[in-house]
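Student: Data file coords_32.pdb (PDB, C-alpha atoms) is appended below.
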ATOM      1  CA  MET A 120       0.000   0.000   0.000
ATOM      2  CA  ARG A 121       2.858   2.335   0.824
ATOM      3  CA  THR A 122       4.443   1.772  -2.604
ATOM      4  CA  LEU A 123       1.140   2.497  -4.324
ATOM      5  CA  LYS A 124       0.859   5.740  -2.350
ATOM      6  CA  TYR A 125       4.365   6.857  -3.418
ATOM      7  CA  LEU A 126       3.628   5.923  -7.022
ATOM      8  CA  LEU A 127       0.404   7.940  -6.971
ATOM      9  CA  PHE A 128       2.151  11.006  -5.468
ATOM     10  CA  THR A 129       4.969  10.681  -8.015
ATOM     11  CA  ILE A 130       2.510  10.592 -10.917
ATOM     12  CA  LEU A 131       0.575  13.567  -9.513
ATOM     13  CA  GLY A 132       3.852  15.448  -9.020
ATOM     14  CA  ILE A 133       4.848  14.868 -12.642
ATOM     15  CA  ILE A 134       1.436  16.050 -13.857
ATOM     16  CA  VAL A 135       1.694  19.215 -11.731
ATOM     17  CA  LEU A 136       5.225  19.912 -13.047
ATOM     18  CA  VAL A 137       4.048  19.486 -16.650
ATOM     19  CA  LEU A 138       1.112  21.856 -16.081
ATOM     20  CA  ILE A 139       3.393  24.428 -14.414
ATOM     21  CA  ALA A 140       5.833  24.190 -17.337
ATOM     22  CA  ALA A 141       2.969  24.766 -19.783
ATOM     23  CA  ALA A 142       1.837  27.791 -17.735
ATOM     24  CA  VAL A 143       5.291  29.358 -18.024
ATOM     25  CA  LEU A 144       5.777  28.704 -21.751
ATOM     26  CA  PRO A 145       4.511  31.307 -24.229
ATOM     27  CA  ASN A 146       1.229  30.668 -26.025
ATOM     28  CA  ASP A 147       2.371  32.549 -29.132
ATOM     29  CA  PHE A 148       4.247  30.730 -31.849
ATOM     30  CA  GLU A 149       5.944  31.664 -35.095
ATOM     31  CA  ALA A 150       7.375  29.273 -37.630
ATOM     32  CA  GLY A 151       8.580  29.475 -41.191
ATOM     33  CA  SER A 152      11.413  29.198 -43.620
ATOM     34  CA  LYS A 153      12.842  30.679 -46.799
ATOM     35  CA  ILE A 154      14.595  29.310 -49.850
ATOM     36  CA  VAL A 155      16.100  30.496 -53.121
ATOM     37  CA  ILE A 156      14.491  29.086 -56.272
ATOM     38  CA  ASN A 157      16.170  29.469 -59.648
ATOM     39  CA  LYS A 158      13.090  30.723 -61.467
ATOM     40  CA  PRO A 159      11.722  34.223 -62.115
ATOM     41  CA  LYS A 160       9.526  35.813 -59.438
ATOM     42  CA  ASN A 161       6.348  35.821 -61.564
ATOM     43  CA  GLU A 162       6.634  32.137 -62.413
ATOM     44  CA  VAL A 163       7.160  31.171 -58.773
ATOM     45  CA  PHE A 164       4.370  33.442 -57.502
ATOM     46  CA  ASP A 165       1.902  32.228 -60.117
ATOM     47  CA  TYR A 166       2.453  28.719 -58.736
ATOM     48  CA  VAL A 167       2.369  29.409 -54.978
ATOM     49  CA  LYS A 168      -0.651  31.727 -55.056
ATOM     50  CA  LEU A 169      -2.810  28.754 -56.077
ATOM     51  CA  LEU A 170      -3.657  26.817 -52.912
ATOM     52  CA  ARG A 171      -4.509  23.733 -54.984
ATOM     53  CA  ASN A 172      -0.769  23.484 -55.710
ATOM     54  CA  GLN A 173       0.133  23.474 -52.018
ATOM     55  CA  GLY A 174      -0.606  19.756 -51.693
ATOM     56  CA  ASN A 175       2.180  19.112 -54.220
ATOM     57  CA  TYR A 176       4.869  20.590 -51.983
ATOM     58  CA  ASP A 177       3.728  21.074 -48.378
ATOM     59  CA  ASN A 178       5.268  18.573 -45.993
ATOM     60  CA  TRP A 179       1.973  17.718 -44.304
ATOM     61  CA  SER A 180       0.516  16.335 -47.545
ATOM     62  CA  HIS A 181       3.651  14.231 -47.956
ATOM     63  CA  GLN A 182       3.113  12.837 -44.437
ATOM     64  CA  ASP A 183      -0.432  11.757 -45.327
ATOM     65  CA  PRO A 184      -1.017  10.924 -48.999
ATOM     66  CA  GLN A 185      -4.619   9.976 -48.077
ATOM     67  CA  ILE A 186      -5.481  13.515 -46.937
ATOM     68  CA  GLN A 187      -9.002  14.544 -48.014
ATOM     69  CA  ARG A 188      -9.218  17.986 -49.631
ATOM     70  CA  GLU A 189     -12.090  20.321 -50.501
ATOM     71  CA  TYR A 190     -11.852  23.632 -52.339
ATOM     72  CA  THR A 191     -14.385  26.445 -52.667
ATOM     73  CA  GLY A 192     -14.138  29.742 -54.530
ATOM     74  CA  THR A 193     -11.717  30.977 -57.155
ATOM     75  CA  ASP A 194      -8.179  29.776 -56.468
ATOM     76  CA  GLY A 195      -5.612  32.534 -56.141
ATOM     77  CA  GLN A 196      -8.275  35.063 -55.090
ATOM     78  CA  PRO A 197      -9.343  36.331 -51.648
ATOM     79  CA  GLY A 198     -12.029  34.110 -50.158
ATOM     80  CA  PHE A 199     -10.765  30.900 -51.744
ATOM     81  CA  THR A 200     -10.952  28.170 -49.101
ATOM     82  CA  TYR A 201      -8.995  24.948 -48.843
ATOM     83  CA  THR A 202     -10.275  22.467 -46.240
ATOM     84  CA  TRP A 203      -8.518  19.243 -45.329
ATOM     85  CA  LYS A 204      -9.181  16.204 -43.164
ATOM     86  CA  SER A 205      -6.459  13.820 -42.080
ATOM     87  CA  ASP A 206      -6.061  11.173 -39.420
ATOM     88  CA  LYS A 207      -2.276  11.721 -39.454
ATOM     89  CA  VAL A 208      -1.810  15.516 -39.598
ATOM     90  CA  GLY A 209      -5.139  16.763 -38.287
ATOM     91  CA  ASP A 210      -7.967  18.745 -39.830
ATOM     92  CA  GLY A 211      -8.005  22.371 -40.853
ATOM     93  CA  LYS A 212      -9.001  25.143 -43.170
ATOM     94  CA  GLN A 213      -6.988  27.773 -45.033
ATOM     95  CA  VAL A 214      -8.558  30.913 -46.491
ATOM     96  CA  ILE A 215      -6.874  33.423 -48.808
ATOM     97  CA  THR A 216      -7.313  36.891 -47.308
ATOM     98  CA  GLU A 217      -5.216  39.011 -49.674
ATOM     99  CA  VAL A 218      -3.247  38.628 -52.895
ATOM    100  CA  ASP A 219      -0.755  41.282 -54.012
ATOM    101  CA  SER A 220       0.725  40.115 -57.309
ATOM    102  CA  SER A 221       2.979  43.155 -57.731
ATOM    103  CA  ALA A 222       4.539  42.555 -54.299
ATOM    104  CA  GLY A 223       4.502  38.774 -54.842
ATOM    105  CA  ARG A 224       2.657  38.123 -51.589
ATOM    106  CA  ILE A 225      -0.354  36.033 -50.622
ATOM    107  CA  ASP A 226      -1.837  36.288 -47.124
ATOM    108  CA  MET A 227      -3.997  33.569 -45.626
ATOM    109  CA  HIS A 228      -5.679  32.521 -42.406
ATOM    110  CA  ILE A 229      -5.303  28.963 -41.176
ATOM    111  CA  PHE A 230      -7.710  27.367 -38.732
ATOM    112  CA  PHE A 231      -6.221  24.254 -37.145
ATOM    113  CA  ASN A 232      -8.431  21.373 -35.966
ATOM    114  CA  GLY A 233     -11.663  23.362 -35.793
ATOM    115  CA  ALA A 234     -10.159  26.326 -33.899
ATOM    116  CA  GLU A 235     -12.140  29.544 -34.098
ATOM    117  CA  ASP A 236      -9.044  31.749 -33.958
ATOM    118  CA  ALA A 237      -7.120  32.130 -37.188
ATOM    119  CA  SER A 238      -3.373  31.797 -37.478
ATOM    120  CA  PRO A 239      -2.144  34.330 -40.034
ATOM    121  CA  THR A 240       0.254  32.960 -42.616
ATOM    122  CA  PHE A 241       1.844  34.280 -45.790
ATOM    123  CA  MET A 242       4.017  33.361 -48.713
ATOM    124  CA  GLU A 243       6.129  36.047 -50.316
ATOM    125  CA  VAL A 244       8.232  35.782 -53.458
ATOM    126  CA  LEU A 245      11.049  38.313 -53.806
ATOM    127  CA  PRO A 246      13.094  38.721 -56.981
ATOM    128  CA  LEU A 247      16.830  38.207 -56.537
ATOM    129  CA  SER A 248      17.653  38.420 -60.257
ATOM    130  CA  ASP A 249      15.852  37.857 -63.553
ATOM    131  CA  ASN A 250      16.003  34.080 -63.010
ATOM    132  CA  SER A 251      16.168  33.729 -59.241
ATOM    133  CA  SER A 252      13.665  34.330 -56.422
ATOM    134  CA  GLN A 253      13.520  33.995 -52.675
ATOM    135  CA  VAL A 254      10.370  32.418 -51.218
ATOM    136  CA  ILE A 255       9.431  33.195 -47.618
ATOM    137  CA  TRP A 256       6.691  31.128 -45.945
ATOM    138  CA  LYS A 257       5.615  31.957 -42.391
ATOM    139  CA  VAL A 258       2.819  31.327 -39.911
ATOM    140  CA  GLU A 259       2.124  32.772 -36.497
ATOM    141  CA  GLY A 260      -0.561  32.111 -33.966
ATOM    142  CA  LYS A 261      -1.511  31.080 -30.479
ATOM    143  CA  MET A 262      -1.457  27.629 -28.964
ATOM    144  CA  PRO A 263      -3.874  27.250 -26.042
ATOM    145  CA  TYR A 264      -2.741  26.067 -22.617
ATOM    146  CA  PRO A 265      -1.673  23.259 -22.011
ATOM    147  CA  PHE A 266      -1.127  22.392 -25.703
ATOM    148  CA  ASN A 267       1.599  25.061 -25.854
ATOM    149  CA  LEU A 268       3.764  22.407 -24.189
ATOM    150  CA  MET A 269       4.043  20.774 -27.630
ATOM    151  CA  SER A 270       6.422  23.570 -28.649
ATOM    152  CA  LEU A 271       9.098  21.794 -26.609
ATOM    153  CA  PHE A 272       8.789  18.638 -28.695
ATOM    154  CA  TYR A 273       7.713  19.704 -32.176
ATOM    155  CA  ASP A 274       9.638  22.020 -34.511
ATOM    156  CA  MET A 275       7.252  23.312 -37.171
ATOM    157  CA  ASN A 276      10.164  25.085 -38.910
ATOM    158  CA  ALA A 277      11.354  21.701 -40.160
ATOM    159  CA  ASP A 278       8.024  21.199 -41.961
ATOM    160  CA  PHE A 279       8.367  24.567 -43.688
ATOM    161  CA  ASP A 280      11.982  23.760 -44.659
ATOM    162  CA  ALA A 281      10.881  20.453 -46.189
ATOM    163  CA  GLY A 282       7.895  22.037 -47.960
ATOM    164  CA  LEU A 283      10.021  24.722 -49.565
ATOM    165  CA  ALA A 284      12.601  22.124 -50.605
ATOM    166  CA  HIS A 285       9.774  20.193 -52.343
ATOM    167  CA  LEU A 286       8.624  23.445 -53.994
ATOM    168  CA  LYS A 287      12.153  24.117 -55.258
ATOM    169  CA  ASP A 288      12.367  20.585 -56.709
ATOM    170  CA  ILE A 289       9.028  21.003 -58.496
ATOM    171  CA  LEU A 290       9.716  24.420 -59.964
ATOM    172  CA  GLU A 291      13.328  23.828 -61.006
ATOM    173  CA  LYS A 292      12.569  20.613 -62.971
TER     174      LYS A 292
END
How does this structure look as structure tokens?
Tutor:
Amino acid sequence: MRTLKYLLFTILGIIVLVLIAAAVLPNDFEAGSKIVINKPKNEVFDYVKLLRNQGNYDNWSHQDPQIQREYTGTDGQPGFTYTWKSDKVGDGKQVITEVDSSAGRIDMHIFFNGAEDASPTFMEVLPLSDNSSQVIWKVEGKMPYPFNLMSLFYDMNADFDAGLAHLKDILEK
């Protein structure tokens, strides 16, 4: 009985420590990456502004080839919505909020797993030369307590790095 009591207090102590750690960690997150692609800015932007193309290069689609996708609206235009369902990477929705072709930037809101609060994200294509562009892809948002603890174990930057590497492979073929 004494051993069971110590085991119970140890488990409760670990749970309390985990909850305290989550209370101290920030709820805000930011992740992203950038890459140089040897293609002109307009060609790269014309590809990335279409959310239907995202499944070809984003790392999450590569993690779950069985992901279910739905699209509504006119792709590449504000209001276009991409919804996905996946047992492996979770469910979500992405909505284009602004497209600035001259600046080479598309802004979107992502809603993860039915969340009501949007996480703003963007992709920006900057010209480096006539045949070279830099692509920046970022997201920021809030992770509710105690799920913010996941930031200690999961690096979303790696997913953006992999996604942009896939994009580079596709566009430079």
Student: Run the PyMOL selection byres ((chain A and resi 172-184) around 7) against the file shown and list the residues it catches, as a count of residues only.
Tutor: 14
Student: Counting only C-alpha atoms, which residues sit no farther than 12 Å from the position (-8.7, 18.5, -35.2) in the file's frame? I'd like them as JSON, numbers by chain.
Tutor: {"A": [202, 203, 204, 205, 206, 207, 208, 209, 210, 211, 212, 230, 231, 232, 233, 234, 235]}
Student: Kindly give the distance, in Å, that separates atom CA of A:Met269 and atom CA of A:Ser152, rounded to a single decimal.
Tutor: 19.5 Å
Student: Evaluating the PyMOL selection byres ((chain A and resi 251) around 9) on the displayed file yields which residues, as a ChimeraX atom specification?
Tutor: /A:155-160,245-250,252-253
Student: Rank nothing, just name the residue among A:Leu127, A:Phe164, A:Trp256, A:Met262 nearest to A:Asn276, using all atoms listed in the file.
Tutor: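 Distance minimum relative to A:Asn276 lands on A:Trp256.
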Student: For the provided coordinates, the residues matched by the PyMOL selection byres ((chain A and resi 260) around 7) should be stated as a PyMOL selection string.
Tutor: chain A and resi 147-149+238-239+258-259+261-262
Student: Quote the spacing between atom CA of A:Ala277 and atom CA of A:Gly151 in Å to one decimal place.
Tutor: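 Computed distance, atom CA of A:Ala277 to atom CA of A:Gly151, equals 8.3 Å.
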Student: Please indicate the distance in Å from atom CA of A:Asp165 to atom CA of A:Phe199, rounded to one decimal place.
Tutor: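 Distance between the two atoms: 15.2 Å.
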